[in-house]
>>> print(open('target-v4.cif').read())   # mmCIF, C-alpha atoms
data_protein
#
loop_
_atom_site.label_atom_id
_atom_site.label_comp_id
_atom_site.auth_asym_id
_atom_site.auth_seq_id
_atom_site.Cartn_x
_atom_site.Cartn_y
_atom_site.Cartn_z
CA MET A 1 21.11 -57.91 -43.85
CA SER A 2 20.90 -54.29 -44.95
CA LYS A 3 17.67 -52.42 -45.58
CA LEU A 4 18.35 -52.57 -49.30
CA GLU A 5 18.85 -56.34 -49.26
CA LYS A 6 15.74 -56.77 -47.15
CA TYR A 7 13.51 -54.88 -49.60
CA LEU A 8 15.11 -56.50 -52.64
CA ALA A 9 14.28 -59.90 -51.14
CA LYS A 10 10.69 -58.78 -50.41
CA ALA A 11 10.25 -57.61 -54.00
CA LYS A 12 10.82 -61.16 -55.20
CA ASP A 13 8.29 -62.67 -52.77
CA GLU A 14 4.67 -62.87 -53.81
CA ALA A 15 2.78 -61.68 -50.76
CA ALA A 16 -0.22 -63.77 -49.81
CA ARG A 17 -3.46 -61.85 -50.08
CA LYS A 18 -6.64 -62.34 -48.16
CA THR A 19 -9.51 -63.66 -50.21
CA MET A 20 -13.16 -64.35 -49.65
CA THR A 21 -15.88 -65.79 -51.81
CA VAL A 22 -19.37 -64.64 -52.64
CA GLU A 23 -22.08 -66.44 -54.56
CA ILE A 24 -23.72 -64.57 -57.40
CA ASP A 25 -26.38 -66.17 -59.55
CA GLY A 26 -25.18 -69.68 -58.66
CA GLU A 27 -21.53 -68.85 -59.40
CA VAL A 28 -18.79 -68.49 -56.80
CA TRP A 29 -16.67 -65.36 -57.19
CA SER A 30 -13.34 -65.04 -55.38
CA VAL A 31 -12.55 -61.54 -54.18
CA ARG A 32 -9.05 -60.69 -53.01
CA SER A 33 -7.79 -57.72 -51.05
CA LEU A 34 -6.44 -54.85 -53.08
CA THR A 35 -2.89 -53.62 -52.79
CA LEU A 36 -2.06 -49.99 -52.20
CA THR A 37 -0.84 -49.74 -55.80
CA GLU A 38 -4.11 -51.18 -57.13
CA LEU A 39 -6.16 -48.76 -55.03
CA ARG A 40 -4.12 -45.85 -56.35
CA THR A 41 -4.69 -47.05 -59.92
CA CYS A 42 -8.43 -47.18 -59.28
CA GLU A 43 -8.37 -43.68 -57.82
CA ARG A 44 -6.41 -42.30 -60.79
CA MET A 45 -8.93 -43.78 -63.22
CA ALA A 46 -11.81 -42.17 -61.35
CA ASP A 47 -10.20 -38.76 -60.87
CA LYS A 48 -11.75 -36.40 -63.39
CA GLY A 49 -10.08 -33.24 -62.15
CA GLU A 50 -12.72 -31.34 -60.26
CA GLU A 51 -14.98 -34.32 -59.77
CA PHE A 52 -14.54 -37.94 -58.82
CA ASP A 53 -16.28 -40.68 -60.83
CA TRP A 54 -17.41 -43.08 -58.09
CA TYR A 55 -18.94 -45.45 -60.63
CA ARG A 56 -15.62 -45.84 -62.46
CA TYR A 57 -13.84 -46.24 -59.12
CA ASN A 58 -16.15 -49.05 -58.01
CA ASP A 59 -15.96 -50.79 -61.39
CA ALA A 60 -12.16 -50.63 -61.31
CA ARG A 61 -12.06 -52.05 -57.78
CA ILE A 62 -14.28 -54.96 -58.83
CA VAL A 63 -11.99 -55.72 -61.77
CA LYS A 64 -8.81 -55.51 -59.69
CA ALA A 65 -10.25 -57.63 -56.86
CA THR A 66 -11.47 -60.42 -59.14
CA GLU A 67 -9.10 -60.43 -62.12
CA HIS A 68 -7.03 -63.24 -60.59
CA GLU A 69 -9.80 -65.64 -61.61
CA PHE A 70 -12.00 -63.85 -64.13
CA GLN A 71 -10.82 -62.82 -67.61
CA TRP A 72 -11.93 -59.21 -67.78
CA ASN A 73 -9.51 -58.69 -70.70
CA ASN A 74 -11.27 -61.27 -72.88
CA GLN A 75 -11.88 -59.54 -76.23
CA ASP A 76 -14.97 -61.64 -77.03
CA LEU A 77 -16.54 -60.69 -73.71
CA GLN A 78 -15.79 -57.01 -74.28
CA LYS A 79 -17.24 -57.14 -77.81
CA ALA A 80 -20.35 -59.02 -76.64
CA TYR A 81 -21.10 -56.32 -74.06
CA LYS A 82 -19.88 -53.46 -76.26
CA ALA A 83 -17.42 -52.47 -73.54
CA VAL A 84 -14.76 -49.84 -74.13
CA ASP A 85 -12.31 -51.67 -71.85
CA LYS A 86 -12.29 -54.17 -69.00
CA TYR A 87 -13.27 -51.47 -66.50
CA ASP A 88 -16.47 -50.88 -68.46
CA LEU A 89 -17.57 -54.51 -68.04
CA PRO A 90 -18.74 -54.78 -64.40
CA ALA A 91 -21.63 -52.37 -64.89
CA LYS A 92 -22.63 -54.09 -68.12
CA LEU A 93 -22.19 -57.63 -66.78
CA PHE A 94 -24.31 -56.90 -63.72
CA ASP A 95 -26.73 -54.50 -65.40
CA HIS A 96 -29.67 -56.76 -64.55
CA ASP A 97 -28.17 -58.11 -61.32
CA MET A 98 -27.63 -55.14 -59.04
CA GLU A 99 -27.54 -57.51 -56.08
CA GLY A 100 -24.53 -59.33 -57.56
CA TYR A 101 -22.72 -56.04 -58.15
CA ALA A 102 -23.49 -54.96 -54.58
CA LYS A 103 -22.24 -58.31 -53.20
CA LEU A 104 -18.89 -57.83 -54.92
CA LEU A 105 -18.54 -54.28 -53.61
CA ASN A 106 -19.48 -55.37 -50.09
CA ALA A 107 -16.91 -58.18 -50.22
CA ILE A 108 -14.24 -55.69 -51.31
CA ARG A 109 -15.16 -53.39 -48.44
CA GLU A 110 -15.19 -56.26 -45.93
CA ILE A 111 -11.84 -57.65 -46.95
CA SER A 112 -10.33 -54.17 -46.96
CA GLN A 113 -11.54 -53.50 -43.42
CA GLU A 114 -9.97 -56.75 -42.26
CA GLN A 115 -6.51 -55.41 -43.04
CA SER A 116 -4.90 -54.10 -39.91
CA GLU A 117 -3.07 -50.81 -39.78
CA GLU A 118 0.21 -52.72 -39.45
CA GLU A 119 -0.53 -54.69 -42.63
CA LEU A 120 -1.33 -51.51 -44.55
CA VAL A 121 1.89 -49.84 -43.36
CA GLU A 122 3.90 -52.93 -44.31
CA GLU A 123 2.26 -53.00 -47.74
CA ALA A 124 3.01 -49.31 -48.23
CA LYS A 125 6.68 -49.96 -47.46
CA ASN A 126 6.82 -52.61 -50.17
#
>>> encode(input="target-v4.cif", output="C-alpha cells")
Amino acid sequence: MSKLEKYLAKAKDEAARKTMTVEIDGEVWSVRSLTLTELRTCERMADKGEEFDWYRYNDARIVKATEHEFQWNNQDLQKAYKAVDKYDLPAKLFDHDMEGYAKLLNAIREISQEQSEEELVEEAKN
C-alpha cells in the first residue's frame, strides 16, 4: 500500500476519541479530546492580532469538546441567552455556575494531557 492509499484510507475512518465525563449541577457532561484542527480553529477565533482573547479561546474549546452531545447551535437556546453565536453561550450558560465552567475546562485540560506525543504526531499527520 502506498503512502497515498494509506492516508486516503485513514481519511475515511472515524478516529476514536478519548472522552471523560463530569457532573455539573446534577447533569453529566461528556467531554471529548480535541483534534489538532479543532484546537487551531479555537486559536484563530481568539487571535485578535496583537492580543489573544483567552475567554473566547476557552469558550470555543468548551463548545468543541462537548458539541457531540450538546446542541450549542440551537437557535432557541441562543435567543434565550441573547448569544451572538454558539461560542458566546458557555459564558452565559455558566454565568452563575463558575464551578461548572471550571470543571469543563479542567476536563478538557486533563484529557488533552492524556494524549501521548505519538498520538499527537499521528493526529497531525491525518
>>> axis_aligned_box(input="target-v4.cif", around="region 36-42 of chain A", padding_each_side="6 Å", output="lines of an AutoDock Vina configuration file")
center_x = -4.6
center_y = -48.5
center_z = -56.1
size_x = 19.6
size_y = 17.3
size_z = 19.7
>>> atom_distance(input="target-v4.cif", atom1="CA of Ala60 (chain A)", atom2="CA of Asp25 (chain A)")
21.1 Å
>>> resolve_selection(input="target-v4.cif", expression="the PyMOL selection byres ((chain A and resi 59) around 8)", output="number ranges by chain")
A: 55-58, 60-63, 87-91
>>> closest_residue(input="target-v4.cif", among="A:Met1, A:Met98, A:Leu8, A:Leu104", to="Val28 (chain A)", atoms="all atoms listed in the file")
A:Leu104
>>> resolve_selection(input="target-v4.cif", expression="the PyMOL selection byres ((chain A and resi 103) around 12)", output="list of chain:residue names")
A:Met20, A:Thr21, A:Val22, A:Glu23, A:Ile24, A:Asp25, A:Val28, A:Trp29, A:Ser30, A:Val31, A:Ile62, A:Phe94, A:Asp97, A:Met98, A:Glu99, A:Gly100, A:Tyr101, A:Ala102, A:Leu104, A:Leu105, A:Asn106, A:Ala107, A:Ile108, A:Arg109, A:Glu110
>>> atom_distance(input="target-v4.cif", atom1="CA of Cys42 (chain A)", atom2="CA of Thr66 (chain A)")
13.6 Å
>>> closest_residue(input="target-v4.cif", among="A:Ala65, A:Trp54, A:Lys6, A:Asp95", to="Thr35 (chain A)", atoms="all atoms listed in the file")
A:Ala65
>>> atom_distance(input="target-v4.cif", atom1="CA of Asp53 (chain A)", atom2="CA of Glu69 (chain A)")
25.8 Å
>>> closest_residue(input="target-v4.cif", among="A:Lys3, A:His68, A:Gln75, A:Ala9", to="Ser33 (chain A)", atoms="all atoms listed in the file")
A:His68
